[in-house]
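Listing of final05.cif; format and content: mmCIF, C-alpha atoms, pLDDT in the B column; chains and numbers go by the auth columns.
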```
data_query
loop_
_atom_site.group_PDB
_atom_site.id
_atom_site.type_symbol
_atom_site.label_atom_id
_atom_site.label_comp_id
_atom_site.label_asym_id
_atom_site.label_seq_id
_atom_site.Cartn_x
_atom_site.Cartn_y
_atom_site.Cartn_z
_atom_site.B_iso_or_equiv
_atom_site.auth_seq_id
_atom_site.auth_asym_id
ATOM 1 C CA MET A 1 121.614 155.989 99.132 95.00 978 F
ATOM 2 C CA ARG A 2 120.341 157.817 96.055 97.00 979 F
ATOM 3 C CA ILE A 3 120.847 161.473 96.975 98.00 980 F
ATOM 4 C CA LEU A 4 119.424 164.401 95.030 98.00 981 F
ATOM 5 C CA SER A 5 121.684 167.451 95.332 98.00 982 F
ATOM 6 C CA LEU A 6 120.607 171.020 94.562 98.00 983 F
ATOM 7 C CA ILE A 7 122.770 174.142 94.535 98.00 984 F
ATOM 8 C CA ALA A 8 121.163 177.585 94.235 98.00 985 F
ATOM 9 C CA HIS A 9 123.753 180.321 93.864 98.00 986 F
ATOM 10 C CA PRO A 10 124.438 182.278 90.660 98.00 987 F
ATOM 11 C CA ARG A 11 128.241 182.491 91.082 97.00 988 F
ATOM 12 C CA GLU A 12 130.215 179.302 90.549 97.00 989 F
ATOM 13 C CA SER A 13 133.018 180.849 92.629 96.00 990 F
ATOM 14 C CA SER A 14 130.729 181.211 95.660 97.00 991 F
ATOM 15 C CA PHE A 15 131.364 179.500 98.966 97.00 992 F
ATOM 16 C CA CYS A 16 128.017 177.748 98.493 98.00 993 F
ATOM 17 C CA HIS A 17 129.462 176.016 95.434 98.00 994 F
ATOM 18 C CA ALA A 18 132.567 175.072 97.383 98.00 995 F
ATOM 19 C CA ILE A 19 130.422 173.533 100.129 98.00 996 F
ATOM 20 C CA SER A 20 128.250 171.640 97.675 98.00 997 F
ATOM 21 C CA GLY A 21 131.211 170.280 95.737 98.00 998 F
ATOM 22 C CA ARG A 22 133.054 169.170 98.870 98.00 999 F
ATOM 23 C CA VAL A 23 130.057 167.337 100.306 98.00 1000 F
ATOM 24 C CA ARG A 24 129.013 165.776 97.000 98.00 1001 F
ATOM 25 C CA ASN A 25 132.494 164.458 96.282 98.00 1002 F
ATOM 26 C CA ALA A 26 132.721 162.913 99.733 98.00 1003 F
ATOM 27 C CA LEU A 27 129.302 161.307 99.385 98.00 1004 F
ATOM 28 C CA SER A 28 130.181 159.870 95.965 97.00 1005 F
ATOM 29 C CA ASP A 29 133.467 158.540 97.349 97.00 1006 F
ATOM 30 C CA ALA A 30 131.487 156.857 100.138 96.00 1007 F
ATOM 31 C CA GLY A 31 129.442 154.954 97.565 96.00 1008 F
ATOM 32 C CA HIS A 32 126.292 157.064 97.412 97.00 1009 F
ATOM 33 C CA ASP A 33 124.563 157.676 94.087 98.00 1010 F
ATOM 34 C CA VAL A 34 124.483 161.486 93.850 98.00 1011 F
ATOM 35 C CA VAL A 35 122.270 163.180 91.247 98.00 1012 F
ATOM 36 C CA HIS A 36 123.167 166.876 91.081 98.00 1013 F
ATOM 37 C CA HIS A 37 121.407 169.956 89.695 98.00 1014 F
ATOM 38 C CA ASP A 38 122.910 173.443 89.594 98.00 1015 F
ATOM 39 C CA LEU A 39 119.717 175.445 89.116 98.00 1016 F
ATOM 40 C CA TYR A 40 121.408 178.596 87.820 98.00 1017 F
ATOM 41 C CA SER A 41 123.832 176.924 85.424 98.00 1018 F
ATOM 42 C CA GLU A 42 120.983 174.785 84.059 97.00 1019 F
ATOM 43 C CA GLY A 43 118.839 177.881 83.562 97.00 1020 F
ATOM 44 C CA PHE A 44 115.956 176.381 85.513 98.00 1021 F
ATOM 45 C CA ASP A 45 112.796 178.427 84.918 97.00 1022 F
ATOM 46 C CA PRO A 46 111.281 179.127 88.360 97.00 1023 F
ATOM 47 C CA CYS A 47 107.965 180.493 87.068 96.00 1024 F
ATOM 48 C CA LEU A 48 105.006 178.183 87.604 91.00 1025 F
ATOM 49 C CA LYS A 49 102.936 178.067 84.437 88.00 1026 F
ATOM 50 C CA ALA A 50 99.172 178.550 84.503 84.00 1027 F
ATOM 51 C CA GLU A 51 98.568 175.129 82.996 79.00 1028 F
ATOM 52 C CA GLU A 52 100.700 173.500 85.706 81.00 1029 F
ATOM 53 C CA ALA A 53 98.856 175.050 88.628 80.00 1030 F
ATOM 54 C CA TYR A 54 96.875 172.512 90.628 71.00 1031 F
ATOM 55 C CA THR A 55 93.504 173.415 92.079 68.00 1032 F
ATOM 56 C CA ILE A 56 91.222 171.429 94.372 61.00 1033 F
ATOM 57 C CA GLY A 57 89.023 169.240 92.225 64.00 1034 F
ATOM 58 C CA ASP A 58 91.728 168.359 89.707 67.00 1035 F
ATOM 59 C CA THR A 59 92.877 164.777 89.578 65.00 1036 F
ATOM 60 C CA PHE A 60 96.591 164.454 90.147 63.00 1037 F
ATOM 61 C CA GLU A 61 96.916 162.678 86.828 61.00 1038 F
ATOM 62 C CA ALA A 62 95.251 165.548 84.986 61.00 1039 F
ATOM 63 C CA ALA A 63 97.357 168.174 86.716 66.00 1040 F
ATOM 64 C CA LEU A 64 100.616 166.336 86.080 67.00 1041 F
ATOM 65 C CA SER A 65 99.761 165.624 82.458 59.00 1042 F
ATOM 66 C CA ARG A 66 99.481 169.356 81.776 68.00 1043 F
ATOM 67 C CA GLY A 67 103.147 169.896 82.643 66.00 1044 F
ATOM 68 C CA GLU A 68 104.999 169.596 79.344 76.00 1045 F
ATOM 69 C CA ASP A 69 108.398 171.036 80.323 89.00 1046 F
ATOM 70 C CA PRO A 70 110.897 168.135 80.022 92.00 1047 F
ATOM 71 C CA VAL A 71 113.310 169.794 82.481 95.00 1048 F
ATOM 72 C CA VAL A 72 110.618 170.033 85.151 94.00 1049 F
ATOM 73 C CA ARG A 73 109.565 166.456 84.452 93.00 1050 F
ATOM 74 C CA GLN A 74 113.164 165.335 85.048 96.00 1051 F
ATOM 75 C CA HIS A 75 113.389 167.230 88.330 97.00 1052 F
ATOM 76 C CA ARG A 76 110.115 165.704 89.492 95.00 1053 F
ATOM 77 C CA SER A 77 111.390 162.266 88.557 96.00 1054 F
ATOM 78 C CA ASP A 78 114.664 162.845 90.394 98.00 1055 F
ATOM 79 C CA ILE A 79 113.006 164.015 93.629 98.00 1056 F
ATOM 80 C CA ALA A 80 110.540 161.119 93.501 97.00 1057 F
ATOM 81 C CA ALA A 81 113.379 158.597 93.111 98.00 1058 F
ATOM 82 C CA ALA A 82 115.579 160.025 95.880 98.00 1059 F
ATOM 83 C CA ASP A 83 115.944 158.694 99.393 95.00 1060 F
ATOM 84 C CA GLY A 84 118.287 161.530 100.439 98.00 1061 F
ATOM 85 C CA LEU A 85 118.236 165.273 99.718 98.00 1062 F
ATOM 86 C CA LEU A 86 121.129 167.769 99.878 98.00 1063 F
ATOM 87 C CA ILE A 87 120.372 171.472 99.362 98.00 1064 F
ATOM 88 C CA VAL A 88 122.928 174.279 99.518 98.00 1065 F
ATOM 89 C CA HIS A 89 121.905 177.918 99.239 98.00 1066 F
ATOM 90 C CA PRO A 90 122.558 181.356 100.748 98.00 1067 F
ATOM 91 C CA ASN A 91 120.252 183.149 103.164 96.00 1068 F
ATOM 92 C CA TRP A 92 118.783 185.992 101.113 96.00 1069 F
ATOM 93 C CA TRP A 93 116.229 188.138 102.966 93.00 1070 F
ATOM 94 C CA GLY A 94 115.471 185.193 105.249 93.00 1071 F
ATOM 95 C CA LYS A 95 114.452 182.964 102.340 96.00 1072 F
ATOM 96 C CA PRO A 96 115.968 180.802 99.623 98.00 1073 F
ATOM 97 C CA PRO A 97 116.911 182.444 96.298 98.00 1074 F
ATOM 98 C CA ALA A 98 113.924 182.909 93.996 98.00 1075 F
ATOM 99 C CA ILE A 99 115.120 180.181 91.634 98.00 1076 F
ATOM 100 C CA LEU A 100 114.953 177.629 94.459 98.00 1077 F
ATOM 101 C CA SER A 101 111.555 178.864 95.636 98.00 1078 F
ATOM 102 C CA GLY A 102 110.340 178.450 92.066 97.00 1079 F
ATOM 103 C CA TRP A 103 111.840 174.968 91.942 98.00 1080 F
ATOM 104 C CA MET A 104 109.656 174.099 94.947 97.00 1081 F
ATOM 105 C CA ASP A 105 106.598 175.492 93.152 94.00 1082 F
ATOM 106 C CA ARG A 106 107.226 173.411 90.041 94.00 1083 F
ATOM 107 C CA ALA A 107 108.849 170.220 91.372 95.00 1084 F
ATOM 108 C CA LEU A 108 107.196 169.632 94.755 94.00 1085 F
ATOM 109 C CA VAL A 109 103.708 169.302 93.328 89.00 1086 F
ATOM 110 C CA PRO A 110 100.654 167.203 94.240 85.00 1087 F
ATOM 111 C CA GLY A 111 101.008 163.667 92.977 85.00 1088 F
ATOM 112 C CA VAL A 112 104.808 163.889 93.244 91.00 1089 F
ATOM 113 C CA ALA A 113 105.643 165.299 96.678 94.00 1090 F
ATOM 114 C CA TYR A 114 102.310 165.135 98.501 91.00 1091 F
ATOM 115 C CA ARG A 115 98.619 164.379 98.224 86.00 1092 F
ATOM 116 C CA LEU A 116 95.912 166.693 99.573 78.00 1093 F
ATOM 117 C CA SER A 117 92.261 165.685 99.385 71.00 1094 F
ATOM 118 C CA THR A 118 90.761 168.980 100.542 68.00 1095 F
ATOM 119 C CA ALA A 119 92.087 172.496 100.973 64.00 1096 F
ATOM 120 C CA ASP A 120 91.806 172.300 104.761 70.00 1097 F
ATOM 121 C CA GLY A 121 92.914 168.677 105.107 71.00 1098 F
ATOM 122 C CA LEU A 122 96.204 167.200 106.267 82.00 1099 F
ATOM 123 C CA PRO A 123 98.684 166.341 103.520 86.00 1100 F
ATOM 124 C CA GLU A 124 99.944 162.864 102.812 91.00 1101 F
ATOM 125 C CA GLY A 125 103.670 163.102 102.096 95.00 1102 F
ATOM 126 C CA LEU A 126 104.683 161.054 99.075 95.00 1103 F
ATOM 127 C CA LEU A 127 108.463 161.427 98.956 97.00 1104 F
ATOM 128 C CA ALA A 128 110.581 158.429 99.939 97.00 1105 F
ATOM 129 C CA ILE A 129 113.348 160.685 101.288 97.00 1106 F
ATOM 130 C CA ARG A 130 114.589 159.402 104.624 95.00 1107 F
ATOM 131 C CA THR A 131 116.766 162.372 105.464 97.00 1108 F
ATOM 132 C CA ALA A 132 117.456 165.875 104.133 98.00 1109 F
ATOM 133 C CA LEU A 133 120.409 168.166 104.749 98.00 1110 F
ATOM 134 C CA VAL A 134 120.194 171.906 104.104 98.00 1111 F
ATOM 135 C CA LEU A 135 123.437 173.887 104.265 98.00 1112 F
ATOM 136 C CA ASN A 136 123.236 177.684 104.279 98.00 1113 F
ATOM 137 C CA THR A 137 125.657 180.575 104.142 97.00 1114 F
ATOM 138 C CA SER A 138 124.837 183.824 105.925 92.00 1115 F
ATOM 139 C CA ASP A 139 126.293 187.107 107.123 88.00 1116 F
ATOM 140 C CA THR A 140 123.772 187.493 109.965 84.00 1117 F
ATOM 141 C CA SER A 141 124.907 186.488 113.431 76.00 1118 F
ATOM 142 C CA ALA A 142 123.186 183.498 115.013 74.00 1119 F
ATOM 143 C CA GLN A 143 121.996 185.629 117.948 82.00 1120 F
ATOM 144 C CA ARG A 144 120.393 188.285 115.756 79.00 1121 F
ATOM 145 C CA GLU A 145 118.908 185.640 113.460 73.00 1122 F
ATOM 146 C CA GLU A 146 117.175 183.964 116.372 75.00 1123 F
ATOM 147 C CA GLU A 147 116.243 186.924 118.558 78.00 1124 F
ATOM 148 C CA GLN A 148 115.224 189.505 115.951 83.00 1125 F
ATOM 149 C CA LEU A 149 114.328 187.526 112.853 77.00 1126 F
ATOM 150 C CA GLY A 150 113.136 184.186 114.223 77.00 1127 F
ATOM 151 C CA ASP A 151 115.275 182.123 111.808 92.00 1128 F
ATOM 152 C CA PRO A 152 112.719 181.982 108.966 94.00 1129 F
ATOM 153 C CA LEU A 153 114.755 179.461 106.959 96.00 1130 F
ATOM 154 C CA GLU A 154 114.426 176.935 109.773 95.00 1131 F
ATOM 155 C CA SER A 155 110.656 177.342 109.596 95.00 1132 F
ATOM 156 C CA ILE A 156 110.555 177.180 105.794 97.00 1133 F
ATOM 157 C CA TRP A 157 112.510 173.936 105.514 97.00 1134 F
ATOM 158 C CA GLY A 158 111.910 172.275 108.867 96.00 1135 F
ATOM 159 C CA ARG A 159 108.234 173.055 109.404 94.00 1136 F
ATOM 160 C CA CYS A 160 106.622 174.059 106.117 95.00 1137 F
ATOM 161 C CA VAL A 161 108.238 172.218 103.202 97.00 1138 F
ATOM 162 C CA LEU A 162 110.014 168.989 104.102 97.00 1139 F
ATOM 163 C CA PRO A 163 107.569 167.518 106.664 96.00 1140 F
ATOM 164 C CA TYR A 164 104.692 168.375 104.318 94.00 1141 F
ATOM 165 C CA CYS A 165 106.280 166.168 101.670 96.00 1142 F
ATOM 166 C CA GLY A 166 106.934 163.238 103.991 96.00 1143 F
ATOM 167 C CA VAL A 167 110.666 163.701 104.654 97.00 1144 F
ATOM 168 C CA LYS A 168 111.473 161.623 107.719 90.00 1145 F
ATOM 169 C CA ALA A 169 114.473 163.488 109.185 96.00 1146 F
ATOM 170 C CA PHE A 170 115.942 166.956 108.654 96.00 1147 F
ATOM 171 C CA ARG A 171 119.255 168.619 109.521 97.00 1148 F
ATOM 172 C CA ARG A 172 120.242 172.214 108.774 97.00 1149 F
ATOM 173 C CA HIS A 173 123.550 173.944 109.383 97.00 1150 F
ATOM 174 C CA VAL A 174 124.581 177.553 108.759 97.00 1151 F
ATOM 175 C CA PHE A 175 128.102 178.811 108.050 97.00 1152 F
ATOM 176 C CA ARG A 176 128.506 182.434 109.183 94.00 1153 F
ATOM 177 C CA PRO A 177 129.587 185.138 108.760 91.00 1154 F
ATOM 178 C CA VAL A 178 131.029 184.384 105.335 94.00 1155 F
ATOM 179 C CA VAL A 179 131.958 187.972 104.480 91.00 1156 F
ATOM 180 C CA GLY A 180 135.399 188.690 105.878 92.00 1157 F
ATOM 181 C CA SER A 181 136.121 185.057 106.745 95.00 1158 F
ATOM 182 C CA SER A 182 139.683 183.836 106.268 96.00 1159 F
ATOM 183 C CA ASP A 183 140.858 181.039 104.001 95.00 1160 F
ATOM 184 C CA GLU A 184 141.660 179.047 107.123 97.00 1161 F
ATOM 185 C CA GLN A 185 138.137 179.513 108.467 97.00 1162 F
ATOM 186 C CA ARG A 186 136.604 178.487 105.159 96.00 1163 F
ATOM 187 C CA GLY A 187 138.796 175.410 105.080 97.00 1164 F
ATOM 188 C CA ASP A 188 137.543 174.450 108.528 97.00 1165 F
ATOM 189 C CA TRP A 189 133.955 175.018 107.418 97.00 1166 F
ATOM 190 C CA LEU A 190 134.407 172.801 104.352 98.00 1167 F
ATOM 191 C CA ALA A 191 135.758 170.010 106.536 98.00 1168 F
ATOM 192 C CA GLU A 192 132.823 170.490 108.889 98.00 1169 F
ATOM 193 C CA ALA A 193 130.345 170.358 105.992 98.00 1170 F
ATOM 194 C CA GLU A 194 131.898 167.105 104.783 98.00 1171 F
ATOM 195 C CA ALA A 195 131.668 165.595 108.268 98.00 1172 F
ATOM 196 C CA ILE A 196 128.032 166.632 108.623 98.00 1173 F
ATOM 197 C CA GLY A 197 127.188 165.114 105.248 98.00 1174 F
ATOM 198 C CA ALA A 198 128.874 161.827 106.174 97.00 1175 F
ATOM 199 C CA MET A 199 126.954 161.688 109.444 97.00 1176 F
ATOM 200 C CA VAL A 200 123.564 162.581 107.983 97.00 1177 F
ATOM 201 C CA PHE A 201 123.769 160.277 104.966 96.00 1178 F
ATOM 202 C CA GLN A 202 124.973 157.117 106.622 88.00 1179 F
ATOM 203 C CA SER A 203 124.495 154.121 104.336 59.00 1180 F
ATOM 204 C CA ASP A 204 122.647 152.175 107.017 49.00 1181 F
ATOM 205 C CA ARG A 205 120.142 154.915 107.879 48.00 1182 F
#
```

What is this structure when it is put down as structure tokens?
Amino acid sequence: MRILSLIAHPRESSFCHAISGRVRNALSDAGHDVVHHDLYSEGFDPCLKAEEAYTIGDTFEAALSRGEDPVVRQHRSDIAAADGLLIVHPNWWGKPPAILSGWMDRALVPGVAYRLSTADGLPEGLLAIRTALVLNTSDTSAQREEEQLGDPLESIWGRCVLPYCGVKAFRRHVFRPVVGSSDEQRGDWLAEAEAIGAMVFQSDR
């Protein structure tokens, strides 16, 4: 599989980076073609530009032609060419880090990720991604996340973003609580992340 990997955490020493590296290495060793972007280290600009913004009535070709940023063009090309997606990020205020939210604004655009004929119509997902895996770190307990907060990240990825873009299957897993966890616990989590990645991105899927 051709898997696009994204990591969104500003510290390279973070557990998110450890998770991403462990899973990516295992996937590469298994024969997958992994294309990786570290949004912070690349200095990805998350701010959607006025000329990039699509409005109803634009043709997709016209809207896409106005985007002149070569970095954004590469990210759009990479997501369009992928048939697997790996995203690793922390849970910050029940949402992805701003840089990843901005990546969605600029990369998952009409004509690349979806097509929408009218503002109130149903989208046609354009991505060829068969399966996506989102791995999160958090310091909120699973019970509190579900009972008091409603697990907003599950809704963002599993209901709002990925199905809208045509992703066929979705798996999300959270490692928690990271703060105060032992080296032994983190080692177990890394092994678990690797096993989940191997299961989700099976070559014959």

Residues in the PyMOL selection byres ((chain F and resi 1010) around 9), expressed as an NGL selection string
:F and (978-981 or 1004-1005 or 1008-1009 or 1011-1012)

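Here atom CA of Phe992 of chain F is placed at a distance of 13.7 Å from atom CA of Glu1171 of chain F.
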
Evaluate the PyMOL selection byres ((chain F and resi 1016) around 12) and record the selected residues as a VMD selection string, following the chain and residue labels used in the document.
chain F and resid 982 to 989 994 1013 to 1015 1017 to 1023 1048 to 1049 1052 1064 to 1066 1074 to 1081

Give as a list in words every residue, naming chains and numbers as the document does, that has an atom within 7 Å of (122.4, 167.4, 103.9), counting all atoms listed in the file.
Leu1062, Leu1063, Ile1064, Ala1109, Leu1110, Val1111, Leu1112, Arg1148, Gly1174 and Val1177 of chain F

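One distance worth recording is that between atom CA of Cys993 of chain F and atom CA of Arg1149 of chain F, which is 14.0 Å.
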
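Note that atom CA of Ala1007 of chain F and atom CA of Ala1175 of chain F are 8.2 Å apart.
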
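Counting only C-alpha atoms, the residue from F:Arg1001, F:Arg1053, F:Arg1153, F:Arg1121 that sits nearest to Leu1103 of chain F is F:Arg1053.
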
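Using the PyMOL selection byres ((chain F and resi 1072) around 10) on this structure selects His1066, Pro1067, Asn1068, Trp1069, Trp1070, Gly1071, Pro1073, Pro1074, Ala1075, Leu1077, Ser1078, Asp1128, Pro1129, Leu1130, Glu1131, Ser1132, Ile1133 and Trp1134 of chain F.
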
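Checking F:Glu1169, F:Leu1126, F:Gly1061, F:Ala1084 one by one against Asp1046 of chain F, counting all atoms listed in the file, you find the shortest gap at F:Ala1084.
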